[in-house]
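Colleague: Got a file for you: final_6.pdb, PDB, C-alpha atoms.
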ATOM      1  CA  MET A   1      -8.615 -42.390 -27.590  1.00  0.00           C
ATOM      2  CA  SER A   2      -6.418 -41.077 -24.778  1.00  0.00           C
ATOM      3  CA  SER A   3      -5.257 -43.035 -21.779  1.00  0.00           C
ATOM      4  CA  SER A   4      -6.212 -42.094 -18.225  1.00  0.00           C
ATOM      5  CA  ASN A   5      -2.672 -40.759 -17.647  1.00  0.00           C
ATOM      6  CA  GLU A   6      -3.011 -38.307 -20.517  1.00  0.00           C
ATOM      7  CA  ALA A   7      -6.345 -37.096 -19.192  1.00  0.00           C
ATOM      8  CA  ALA A   8      -4.774 -36.414 -15.774  1.00  0.00           C
ATOM      9  CA  ASP A   9      -1.884 -34.322 -17.111  1.00  0.00           C
ATOM     10  CA  PRO A  10      -3.724 -31.200 -18.341  1.00  0.00           C
ATOM     11  CA  PRO A  11      -5.202 -30.217 -14.940  1.00  0.00           C
ATOM     12  CA  VAL A  12      -1.754 -30.462 -13.336  1.00  0.00           C
ATOM     13  CA  ASP A  13      -0.276 -28.347 -16.126  1.00  0.00           C
ATOM     14  CA  ALA A  14      -3.153 -25.887 -15.841  1.00  0.00           C
ATOM     15  CA  GLU A  15      -2.614 -25.655 -12.089  1.00  0.00           C
ATOM     16  CA  ARG A  16       1.096 -24.988 -12.534  1.00  0.00           C
ATOM     17  CA  MET A  17       0.349 -22.340 -15.135  1.00  0.00           C
ATOM     18  CA  ALA A  18      -2.185 -20.745 -12.794  1.00  0.00           C
ATOM     19  CA  VAL A  19       0.408 -20.633 -10.002  1.00  0.00           C
ATOM     20  CA  GLU A  20       3.020 -19.082 -12.323  1.00  0.00           C
ATOM     21  CA  GLN A  21       0.475 -16.506 -13.452  1.00  0.00           C
ATOM     22  CA  LEU A  22      -0.405 -15.844  -9.813  1.00  0.00           C
ATOM     23  CA  ILE A  23       3.257 -15.148  -9.035  1.00  0.00           C
ATOM     24  CA  GLU A  24       3.436 -12.580 -11.841  1.00  0.00           C
ATOM     25  CA  THR A  25       0.198 -10.924 -10.719  1.00  0.00           C
ATOM     26  CA  LEU A  26       1.346 -10.711  -7.118  1.00  0.00           C
ATOM     27  CA  ARG A  27       4.777  -9.373  -8.121  1.00  0.00           C
ATOM     28  CA  GLN A  28       3.007  -6.506  -9.862  1.00  0.00           C
ATOM     29  CA  HIS A  29       0.612  -5.927  -6.981  1.00  0.00           C
ATOM     30  CA  PHE A  30       3.359  -6.048  -4.319  1.00  0.00           C
ATOM     31  CA  PRO A  31       6.413  -4.555  -6.074  1.00  0.00           C
ATOM     32  CA  GLY A  32       8.091  -3.648  -2.777  1.00  0.00           C
ATOM     33  CA  SER A  33       8.140  -7.270  -1.644  1.00  0.00           C
ATOM     34  CA  GLY A  34      10.674  -8.400  -4.228  1.00  0.00           C
ATOM     35  CA  ALA A  35      10.184 -10.965  -6.966  1.00  0.00           C
ATOM     36  CA  THR A  36      11.995 -13.760  -5.130  1.00  0.00           C
ATOM     37  CA  THR A  37      10.090 -13.163  -1.898  1.00  0.00           C
ATOM     38  CA  VAL A  38       6.753 -13.335  -3.687  1.00  0.00           C
ATOM     39  CA  ALA A  39       7.661 -16.526  -5.557  1.00  0.00           C
ATOM     40  CA  ASP A  40       9.091 -18.205  -2.451  1.00  0.00           C
ATOM     41  CA  TYR A  41       6.001 -17.309  -0.439  1.00  0.00           C
ATOM     42  CA  VAL A  42       3.643 -18.591  -3.140  1.00  0.00           C
ATOM     43  CA  TYR A  43       5.506 -21.907  -3.368  1.00  0.00           C
ATOM     44  CA  GLU A  44       5.641 -22.239   0.424  1.00  0.00           C
ATOM     45  CA  ILE A  45       1.866 -21.921   0.658  1.00  0.00           C
ATOM     46  CA  TYR A  46       1.333 -24.006  -2.492  1.00  0.00           C
ATOM     47  CA  ARG A  47       3.313 -26.936  -1.035  1.00  0.00           C
ATOM     48  CA  ARG A  48       0.897 -27.064   1.882  1.00  0.00           C
ATOM     49  CA  TYR A  49      -1.759 -28.267  -0.533  1.00  0.00           C
ATOM     50  CA  ASP A  50       0.354 -31.117  -1.969  1.00  0.00           C
ATOM     51  CA  GLY A  51      -1.862 -33.811  -0.475  1.00  0.00           C
ATOM     52  CA  ALA A  52      -5.179 -32.141  -1.228  1.00  0.00           C
ATOM     53  CA  PRO A  53      -7.372 -34.613  -3.098  1.00  0.00           C
ATOM     54  CA  ILE A  54      -9.445 -31.903  -4.778  1.00  0.00           C
ATOM     55  CA  ARG A  55      -7.219 -29.506  -6.724  1.00  0.00           C
ATOM     56  CA  ASP A  56      -9.776 -27.231  -8.400  1.00  0.00           C
ATOM     57  CA  PHE A  57      -9.433 -24.342  -5.957  1.00  0.00           C
ATOM     58  CA  VAL A  58      -5.800 -24.708  -4.879  1.00  0.00           C
ATOM     59  CA  PRO A  59      -4.538 -21.666  -6.849  1.00  0.00           C
ATOM     60  CA  LEU A  60      -7.346 -19.530  -5.440  1.00  0.00           C
ATOM     61  CA  LEU A  61      -6.672 -20.674  -1.879  1.00  0.00           C
ATOM     62  CA  VAL A  62      -2.953 -20.020  -2.330  1.00  0.00           C
ATOM     63  CA  GLU A  63      -3.681 -16.549  -3.683  1.00  0.00           C
ATOM     64  CA  ARG A  64      -5.860 -15.651  -0.703  1.00  0.00           C
ATOM     65  CA  GLU A  65      -3.277 -16.784   1.832  1.00  0.00           C
ATOM     66  CA  VAL A  66      -0.378 -15.103   0.054  1.00  0.00           C
ATOM     67  CA  ARG A  67      -2.249 -11.821  -0.415  1.00  0.00           C
ATOM     68  CA  ARG A  68      -3.132 -11.828   3.276  1.00  0.00           C
ATOM     69  CA  GLY A  69       0.482 -12.446   4.248  1.00  0.00           C
ATOM     70  CA  LEU A  70       2.002  -9.935   1.843  1.00  0.00           C
ATOM     71  CA  THR A  71      -0.523  -7.303   2.869  1.00  0.00           C
ATOM     72  CA  ALA A  72       0.492  -7.802   6.500  1.00  0.00           C
ATOM     73  CA  ILE A  73       4.151  -7.404   5.533  1.00  0.00           C
ATOM     74  CA  THR A  74       3.595  -4.271   3.463  1.00  0.00           C
ATOM     75  CA  ASP A  75       1.373  -2.738   6.153  1.00  0.00           C
ATOM     76  CA  GLY A  76       4.281  -2.871   8.574  1.00  0.00           C
ATOM     77  CA  GLY A  77       3.356  -6.013  10.420  1.00  0.00           C
ATOM     78  CA  GLY A  78       5.101  -9.325  10.211  1.00  0.00           C
ATOM     79  CA  PRO A  79       4.185 -11.952   7.682  1.00  0.00           C
ATOM     80  CA  HIS A  80       0.972 -13.795   8.310  1.00  0.00           C
ATOM     81  CA  VAL A  81       1.895 -17.397   7.660  1.00  0.00           C
ATOM     82  CA  PRO A  82      -0.988 -19.739   8.450  1.00  0.00           C
ATOM     83  CA  ALA A  83      -0.330 -22.850  10.490  1.00  0.00           C
ATOM     84  CA  GLN A  84       0.551 -26.038   8.666  1.00  0.00           C
ATOM     85  CA  ARG A  85      -2.402 -28.109   7.568  1.00  0.00           C
TER      86      ARG A  85
END
Kindly transcribe the structure held in the file into structure tokens.

Modeller:
Amino acid sequence: MSSSNEAADPPVDAERMAVEQLIETLRQHFPGSGATTVADYVYEIYRRYDGAPIRDFVPLLVEREVRRGLTAITDGGGPHVPAQR
């Protein structure tokens, strides 16, 4: 039987894997933005959810915000960085 700590680890690992996969997907979708820029932007938005008690949708929420911001950059506007939560 596993302890409660072991049961808590897989979702965190799955979330990290989802964020890493998101970075790769966005790098391919926004090749002109640069790999480092995409990763930095993803982690900047991701850190805003550090205190979120429900983690199920964090990667999806990060993806939406980053796509919105990178689209604004690539369309000639400035980055759309949402206000801190």

Colleague: Please list, as a PyMOL selection string, the residues that have an atom at most 9 Å away from (4.3, -11.2, 1.3) in the coordinates of this file, counting all atoms listed in the file.

Modeller: chain A and resi 26+30+33-34+37-38+41-42+66-74+79-80

Colleague: Measure the distance from atom CA of Val62 of chain A to atom CA of Tyr46 of chain A in Å and round it to one decimal.

Modeller: 5.9 Å

Colleague: State, in Å with one decimal place, the distance from atom CA of Ala39 of chain A to atom CA of Gln21 of chain A.

Modeller: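 According to the coordinates, atom CA of Ala39 of chain A and atom CA of Gln21 of chain A are separated by 10.7 Å.
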
Colleague: So for segment 36-45 of chain A, what box centre and size do we get, axis-aligned, 5 Å extra on each of the six sides, every listed atom, Å to one decimal, as AutoDock Vina command-line options?

Modeller:
--center_x 6.9 --center_y -17.7 --center_z -2.4 --size_x 20.1 --size_y 19.1 --size_z 16.2

Colleague: Using the chain letters and residue numbers of this document, give as a PDB file with C-alpha atoms, in the coordinates of the input the residues selected by the PyMOL selection byres ((chain A and resi 56) around 12).

Modeller:
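Below you can see result-v8.pdb, which holds the result:
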ATOM      1  CA  PRO A  11      -5.202 -30.217 -14.940  1.00  0.00           C
ATOM      2  CA  VAL A  12      -1.754 -30.462 -13.336  1.00  0.00           C
ATOM      3  CA  ALA A  14      -3.153 -25.887 -15.841  1.00  0.00           C
ATOM      4  CA  GLU A  15      -2.614 -25.655 -12.089  1.00  0.00           C
ATOM      5  CA  ARG A  16       1.096 -24.988 -12.534  1.00  0.00           C
ATOM      6  CA  ALA A  18      -2.185 -20.745 -12.794  1.00  0.00           C
ATOM      7  CA  TYR A  49      -1.759 -28.267  -0.533  1.00  0.00           C
ATOM      8  CA  ALA A  52      -5.179 -32.141  -1.228  1.00  0.00           C
ATOM      9  CA  PRO A  53      -7.372 -34.613  -3.098  1.00  0.00           C
ATOM     10  CA  ILE A  54      -9.445 -31.903  -4.778  1.00  0.00           C
ATOM     11  CA  ARG A  55      -7.219 -29.506  -6.724  1.00  0.00           C
ATOM     12  CA  PHE A  57      -9.433 -24.342  -5.957  1.00  0.00           C
ATOM     13  CA  VAL A  58      -5.800 -24.708  -4.879  1.00  0.00           C
ATOM     14  CA  PRO A  59      -4.538 -21.666  -6.849  1.00  0.00           C
ATOM     15  CA  LEU A  60      -7.346 -19.530  -5.440  1.00  0.00           C
ATOM     16  CA  LEU A  61      -6.672 -20.674  -1.879  1.00  0.00           C
ATOM     17  CA  VAL A  62      -2.953 -20.020  -2.330  1.00  0.00           C
TER      18      VAL A  62
END

Colleague: Could you work out how far atom CA of Ala35 of chain A lies from atom CA of Ile23 of chain A, giving the answer in Å with one decimal?

Modeller: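 Going from atom CA of Ile23 of chain A over to atom CA of Ala35 of chain A, I get 8.4 Å.
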
Colleague: For Arg27 of chain A, which residue out of A:Gly76, A:Arg48, A:Glu63, A:Asp13 is the nearest one, using only C-alpha atoms?

Modeller: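 The shortest atom-to-atom distance to Arg27 of chain A comes from A:Glu63.
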